[in-house]
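Trainee: This one is final17.txt, compact mmCIF, C-alpha atoms and all ligand atoms.
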```
# COMPACT_ATOMS: atom_id res chain seq x y z
CA MET A 1 0.00 0.00 0.00
CA ASP A 2 1.21 3.51 -0.81
CA HIS A 3 1.39 6.26 1.76
CA ALA A 4 2.27 9.92 1.55
CA ARG A 5 5.47 10.28 3.58
CA ASP A 6 7.36 13.03 5.37
CA ALA A 7 11.08 13.75 4.84
CA ALA A 8 12.06 10.99 7.26
CA GLY A 9 9.91 8.46 5.40
CA ALA A 10 7.15 8.26 8.01
CA PRO A 11 3.63 7.81 6.61
CA LEU A 12 1.77 11.06 7.14
CA GLU A 13 -1.79 9.97 7.66
CA ARG A 14 -1.09 7.15 10.07
CA VAL A 15 -1.21 7.37 13.83
CA LEU A 16 1.63 5.79 15.76
CA PRO A 17 1.19 4.50 19.31
CA PRO A 18 3.04 6.63 21.88
CA GLY A 19 6.80 6.09 22.10
CA GLN A 20 7.04 4.23 18.76
CA HIS A 21 8.75 5.13 15.47
CA TRP A 22 8.11 3.77 11.99
CA ARG A 23 10.46 1.38 10.30
CA ALA A 24 10.19 0.41 6.63
CA GLU A 25 10.15 -3.36 7.25
CA PRO A 26 9.69 -5.37 10.42
CA ASP A 27 12.77 -6.96 11.95
CA VAL A 28 12.59 -10.72 12.12
CA MET A 29 12.83 -11.06 15.90
CA HIS A 30 12.58 -14.02 18.18
CA TYR A 31 14.32 -15.72 21.03
CA GLY A 32 15.92 -19.07 20.16
CA PRO A 33 15.95 -21.13 16.96
CA VAL A 34 13.34 -21.41 14.18
CA PRO A 35 11.51 -24.71 14.63
CA ARG A 36 11.57 -27.28 11.85
CA PRO A 37 8.06 -27.84 10.40
CA ARG A 38 6.56 -31.19 11.41
CA PRO A 39 2.99 -31.15 9.99
CA ASP A 40 2.31 -34.77 11.00
CA ARG A 41 2.90 -33.95 14.67
CA TRP A 42 1.32 -30.50 14.76
CA SER A 43 -1.68 -29.87 17.01
CA PHE A 44 -3.34 -26.90 18.67
CA THR A 45 -4.23 -27.37 22.34
CA VAL A 46 -6.69 -25.31 24.38
CA GLY A 47 -6.41 -26.27 28.03
CA GLY A 48 -6.41 -24.89 31.55
CA ALA A 49 -9.74 -23.66 32.94
CA THR A 50 -11.99 -24.61 30.02
CA VAL A 51 -15.74 -24.47 30.62
CA ASP A 52 -16.04 -28.26 30.49
CA GLY A 53 -12.80 -28.87 32.39
CA VAL A 54 -11.39 -30.82 29.47
CA GLU A 55 -8.32 -30.12 27.35
CA HIS A 56 -9.21 -29.73 23.64
CA VAL A 57 -6.70 -30.79 21.01
CA PHE A 58 -7.33 -29.72 17.40
CA ASP A 59 -5.46 -31.08 14.41
CA TRP A 60 -4.42 -29.02 11.40
CA GLU A 61 -7.44 -30.13 9.34
CA THR A 62 -9.83 -28.85 12.02
CA MET A 63 -8.06 -25.49 12.22
CA ALA A 64 -7.92 -25.23 8.42
CA ARG A 65 -11.70 -25.71 8.16
CA LEU A 66 -12.36 -22.49 10.12
CA GLU A 67 -13.27 -19.45 8.07
CA VAL A 68 -10.21 -17.46 6.96
CA ARG A 69 -10.18 -13.73 7.71
CA GLU A 70 -7.78 -11.16 6.33
CA VAL A 71 -6.52 -8.49 8.70
CA VAL A 72 -4.24 -5.63 7.67
CA ALA A 73 -2.43 -4.48 10.78
CA ASP A 74 0.66 -2.58 11.87
CA MET A 75 3.20 -4.32 14.10
CA HIS A 76 4.35 -2.60 17.29
CA CYS A 77 7.46 -4.07 18.86
CA ALA A 78 8.13 -3.09 22.47
CA THR A 79 11.68 -2.16 21.43
CA ARG A 80 9.86 0.86 19.89
CA TRP A 81 9.70 0.15 16.16
CA SER A 82 6.41 -0.18 14.31
CA ALA A 83 5.93 -1.56 10.79
CA LEU A 84 3.00 -0.67 8.54
CA ASP A 85 0.35 -2.79 6.93
CA GLN A 86 1.19 -6.41 7.42
CA ARG A 87 -1.48 -8.40 5.56
CA TRP A 88 -2.24 -11.46 7.68
CA ALA A 89 -4.85 -14.16 7.07
CA GLY A 90 -6.10 -17.08 9.12
CA PRO A 91 -8.94 -18.11 11.44
CA ARG A 92 -10.16 -15.73 14.09
CA ALA A 93 -8.99 -16.57 17.60
CA SER A 94 -12.60 -16.03 18.70
CA ASP A 95 -13.68 -18.95 16.50
CA VAL A 96 -11.30 -21.21 18.42
CA ILE A 97 -12.58 -19.78 21.73
CA GLU A 98 -16.05 -20.78 20.55
CA LEU A 99 -14.86 -24.36 19.98
CA ALA A 100 -13.29 -24.50 23.46
CA PRO A 101 -14.62 -21.72 25.69
CA PRO A 102 -13.15 -20.70 29.05
CA ALA A 103 -14.88 -21.17 32.39
CA PRO A 104 -16.98 -18.07 33.23
CA HIS A 105 -14.52 -16.47 35.67
CA VAL A 106 -11.52 -16.68 33.31
CA ARG A 107 -10.12 -13.33 32.14
CA GLU A 108 -6.63 -14.20 30.97
CA LEU A 109 -4.78 -16.95 29.18
CA LEU A 110 -1.24 -18.03 28.46
CA VAL A 111 -0.61 -18.50 24.73
CA PHE A 112 2.23 -20.93 24.11
CA ALA A 113 4.47 -21.77 21.18
CA GLU A 114 7.26 -24.15 20.23
CA PHE A 115 10.32 -24.26 22.50
CA GLY A 116 8.49 -22.86 25.53
CA TYR A 117 7.85 -19.29 24.33
CA ALA A 118 4.60 -17.99 25.84
CA ALA A 119 2.74 -14.73 26.40
CA ASN A 120 -0.08 -13.59 28.70
CA VAL A 121 -3.12 -12.30 26.78
CA ALA A 122 -6.49 -11.13 28.12
CA VAL A 123 -9.52 -13.12 26.90
CA ASP A 124 -11.08 -9.80 25.76
CA ASP A 125 -8.07 -9.13 23.53
CA LEU A 126 -8.33 -12.58 21.97
CA LEU A 127 -12.04 -11.99 21.32
CA SER A 128 -11.30 -8.93 19.17
CA PRO A 129 -12.56 -9.49 15.61
CA ARG A 130 -9.10 -8.38 14.43
CA THR A 131 -7.25 -11.06 16.39
CA VAL A 132 -6.26 -13.91 14.05
CA LEU A 133 -4.25 -17.09 14.12
CA ALA A 134 -2.37 -16.18 10.97
CA THR A 135 -1.33 -18.88 8.53
CA HIS A 136 -0.62 -16.45 5.66
CA LEU A 137 1.24 -13.18 5.14
CA ASP A 138 0.71 -11.14 1.95
CA GLY A 139 -1.24 -14.01 0.41
CA GLU A 140 1.55 -16.58 0.88
CA PRO A 141 1.92 -19.22 3.56
CA LEU A 142 3.87 -17.77 6.49
CA PRO A 143 7.63 -17.93 5.97
CA ARG A 144 9.29 -20.25 8.49
CA ASP A 145 11.03 -17.42 10.33
CA ARG A 146 7.79 -15.42 10.54
CA GLY A 147 6.04 -18.23 12.40
CA ALA A 148 4.99 -21.07 10.05
CA PRO A 149 2.60 -22.74 10.12
CA MET A 150 0.68 -20.42 12.49
CA ARG A 151 1.20 -17.36 14.65
CA LEU A 152 -1.04 -15.21 16.78
CA ILE A 153 -1.69 -11.62 15.69
CA VAL A 154 -3.33 -9.23 18.18
CA PRO A 155 -2.99 -5.92 16.33
CA HIS A 156 -3.51 -3.54 19.28
CA LEU A 157 -1.03 -5.30 21.58
CA TYR A 158 2.77 -5.19 21.45
CA THR A 159 3.99 -7.87 19.10
CA TRP A 160 5.61 -10.00 21.80
CA LYS A 161 1.99 -10.97 22.64
CA GLY A 162 1.81 -12.70 19.25
CA PRO A 163 3.79 -15.92 19.49
CA LYS A 164 5.15 -17.27 16.23
CA TRP A 165 4.87 -21.08 15.90
CA VAL A 166 1.86 -20.95 18.24
CA ARG A 167 0.58 -24.30 19.54
CA GLY A 168 -2.29 -23.33 21.82
CA TRP A 169 -3.27 -21.60 25.03
CA ASN A 170 -4.22 -22.33 28.62
CA TYR A 171 -7.01 -20.42 30.35
CA LEU A 172 -5.76 -18.98 33.64
CA THR A 173 -7.63 -18.41 36.86
CA ASP A 174 -7.15 -15.25 38.95
CA GLU A 175 -4.96 -17.08 41.44
CA SER A 176 -2.68 -18.28 38.70
CA MET A 177 0.97 -17.27 38.64
CA HIS A 178 1.72 -18.37 35.08
CA LEU A 179 3.67 -15.71 33.24
CA GLY A 180 4.97 -15.72 29.70
CA PHE A 181 8.53 -15.30 28.46
CA TRP A 182 8.64 -11.47 28.55
CA GLU A 183 6.14 -11.12 31.39
CA GLN A 184 8.58 -13.08 33.59
CA ARG A 185 11.25 -10.55 32.58
CA GLY A 186 9.35 -7.48 33.74
CA TYR A 187 7.06 -6.77 30.80
CA HIS A 188 3.38 -5.94 31.09
CA ARG A 189 0.65 -8.55 31.48
CA ARG A 190 -1.79 -6.74 29.19
CA GLY A 191 0.61 -5.01 26.77
CA ASP A 192 -1.77 -2.60 24.98
CA ALA A 193 0.46 -0.60 22.61
CA TRP A 194 -2.00 2.34 22.52
CA ARG A 195 -1.82 2.67 26.31
CA GLN A 196 1.93 2.11 26.18
CA GLU A 197 1.70 -0.80 28.59
CA ARG A 198 5.32 -1.91 28.30
CA TYR A 199 6.45 -2.79 31.81
CA ALA A 200 5.09 -4.72 34.77
CA TYR A 201 5.48 -1.74 37.13
CA GLN A 202 2.72 0.01 35.16
CA GLU A 203 0.20 -2.71 36.00
CA VAL A 204 -2.82 -1.37 37.88
CA SER A 205 -3.76 -4.51 39.77
CA PRO A 206 -0.96 -6.17 41.70
CA ARG A 207 0.26 -9.55 40.59
CA PRO A 208 -1.01 -12.34 42.83
CA VAL A 209 1.26 -13.33 45.69
CA PRO A 210 2.03 -17.05 45.88
CA GLN A 211 0.15 -18.69 48.74
CA ASP A 212 1.78 -21.18 51.09
CA LEU A 213 0.10 -24.55 50.82
N1 LIG B 1 7.75 -17.92 19.38
C1 LIG B 1 8.11 -16.63 19.44
N2 LIG B 1 7.27 -15.70 18.97
C2 LIG B 1 7.60 -14.39 19.02
C3 LIG B 1 8.82 -13.97 19.60
C4 LIG B 1 9.70 -14.98 20.10
O1 LIG B 1 10.78 -14.71 20.64
N3 LIG B 1 9.30 -16.30 19.99
N4 LIG B 1 9.13 -12.62 19.63
C5 LIG B 1 8.04 -11.66 19.51
C6 LIG B 1 8.51 -10.32 19.24
S1 LIG B 1 9.27 -9.51 20.52
C7 LIG B 1 8.31 -9.69 18.04
S2 LIG B 1 8.70 -8.06 17.82
C8 LIG B 1 7.70 -10.41 16.90
C9 LIG B 1 8.55 -10.28 15.66
O2 LIG B 1 7.86 -10.82 14.57
P1 LIG B 1 8.55 -10.93 13.15
O3 LIG B 1 9.80 -11.76 13.32
O4 LIG B 1 7.54 -11.53 12.25
O5 LIG B 1 8.90 -9.52 12.72
O6 LIG B 1 7.52 -11.79 17.18
C10 LIG B 1 7.02 -12.06 18.46
N5 LIG B 1 6.71 -13.47 18.53
MO MO B 2 9.33 -7.31 19.91
```
If you convert what's in this file into structure tokens, what do you get?
Ligand SMILES: Nc1nc2c(c(=O)[nH]1)N[C@H]1C(S)=C(S)[C@@H](COP(=O)(O)O)O[C@H]1N2
Ligand SMILES: [Mo]
Mentor:
Amino acid sequence: MDHARDAAGAPLERVLPPGQHWRAEPDVMHYGPVPRPRPDRWSFTVGGATVDGVEHVFDWETMARLEVREVVADMHCATRWSALDQRWAGPRASDVIELAPPAPHVRELLVFAEFGYAANVAVDDLLSPRTVLATHLDGEPLPRDRGAPMRLIVPHLYTWKGPKWVRGWNYLTDESMHLGFWEQRGYHRRGDAWRQERYAYQEVSPRPVPQDL
């Protein structure tokens, strides 16, 4: 897509979340190696506090039968760069929530990926109609280093909340102490880029204190 740009190359008509700057292309960024694709052993697991108390495991065929949505979204990395107009496509996360809903009191989940990467995401953020489990970028299957075969895209959150090589999520209860990769390292549980929720010290409600058993 074409944009009118200022002298520094920033698109004029687009609003940037606070504290971010534009970059022409996203950096390929991740912790650890790129996993080797193993389609025969791939599954998507929704567990934790599900409404029926059962862990749901979906195979690729089941996920591929869900309606595909296209979402054009900017990326906002917490290291302060943003990249314009990434054209993602895949099933809506809300369609998977419908297949395996959370128990009524659940407000947060831990999305997990290959090699133990994980991120805390609020159920409300996953329910956004713009939140997709992307299998395609710019009309092509996701490149391996961009998260093939599937990654989570939550456009209004910082991009660390969108695990590449995503394999499922666990619904968390309020007492739960499960934190994702960056959340364990002092980053924000919610991570809304438009509210500049970068760091844990900005969190309004205190993190739960572990109880002695
Ligand atoms: N599995 C996994 N997903 C991840 C990460 C990671 O380290 N591991 N890093 C996140 C961060 S911090 C960013 S900015 C984006 C980068 O996405 P890109 O490589 O497609 O630009 O991936 C996110 N998803
Ligand atoms: Mo990032």
Trainee: Can you tell me how far atom CA of A:Thr131 sits from atom CA of A:Val46, in Å to one decimal?
Mentor: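 A separation of 16.3 Å between them.
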Trainee: Under the rule that all atoms listed in the file are counted, which of A:Ala93, A:Met150, A:Val54, A:Ala10 is the nearest residue to ligand LIG 1 (chain B)?
Mentor: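 For ligand LIG 1 (chain B), the nearest of the given residues is A:Met150.
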Trainee: Can you tell me which residues sit at most 8 Å away from ligand LIG 1 (chain B), counting only C-alpha atoms and all ligand atoms, written as a ChimeraX atom specification?
Mentor: /A:26-32,75-79,112-118,145-147,151,158-166
Trainee: Can you work out which one of A:Ala122, A:Ala148, A:Val34, A:Ala73 has the shortest atom-to-atom distance to A:Asp192, counting all atoms listed in the file?
Mentor: A:Ala122
Trainee: Which is closest to ligand MO 2 (chain B) among A:Thr45, A:Thr62, A:Ser176, A:Ser82, if we use all atoms listed in the file?
Mentor: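 Ranked by minimum distance to ligand MO 2 (chain B), first place goes to A:Ser82.
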Trainee: Skip A:Tyr201 itself and residues of its chain fewer than 3 positions away, then list as a PyMOL selection string all residues within 12 Å of it, counting all atoms listed in the file.
Mentor: chain A and resi 183+185-191+197-198+204-207
Trainee: Measure the distance from atom CA of A:Pro11 to atom CA of A:Asp74 in Å and round it to one decimal.
Mentor: 12.0 Å
Trainee: If we count only C-alpha atoms and set the cut-off at 10 Å, which residues sit around A:Leu127, ignoring sequence neighbours fewer than 3 positions away in its own chain? Please answer as a PyMOL selection string.
Mentor: chain A and resi 92-98+122-124+130-132+154
Trainee: Generate the output file for the selected residues, C-alpha atoms, as a compact mmCIF listing (two decimals), in the frame of the given file.
Mentor:
```
# COMPACT_ATOMS: atom_id res chain seq x y z
CA ARG A 92 -10.16 -15.73 14.09
CA ALA A 93 -8.99 -16.57 17.60
CA SER A 94 -12.60 -16.03 18.70
CA ASP A 95 -13.68 -18.95 16.50
CA VAL A 96 -11.30 -21.21 18.42
CA ILE A 97 -12.58 -19.78 21.73
CA GLU A 98 -16.05 -20.78 20.55
CA ALA A 122 -6.49 -11.13 28.12
CA VAL A 123 -9.52 -13.12 26.90
CA ASP A 124 -11.08 -9.80 25.76
CA ARG A 130 -9.10 -8.38 14.43
CA THR A 131 -7.25 -11.06 16.39
CA VAL A 132 -6.26 -13.91 14.05
CA VAL A 154 -3.33 -9.23 18.18
```
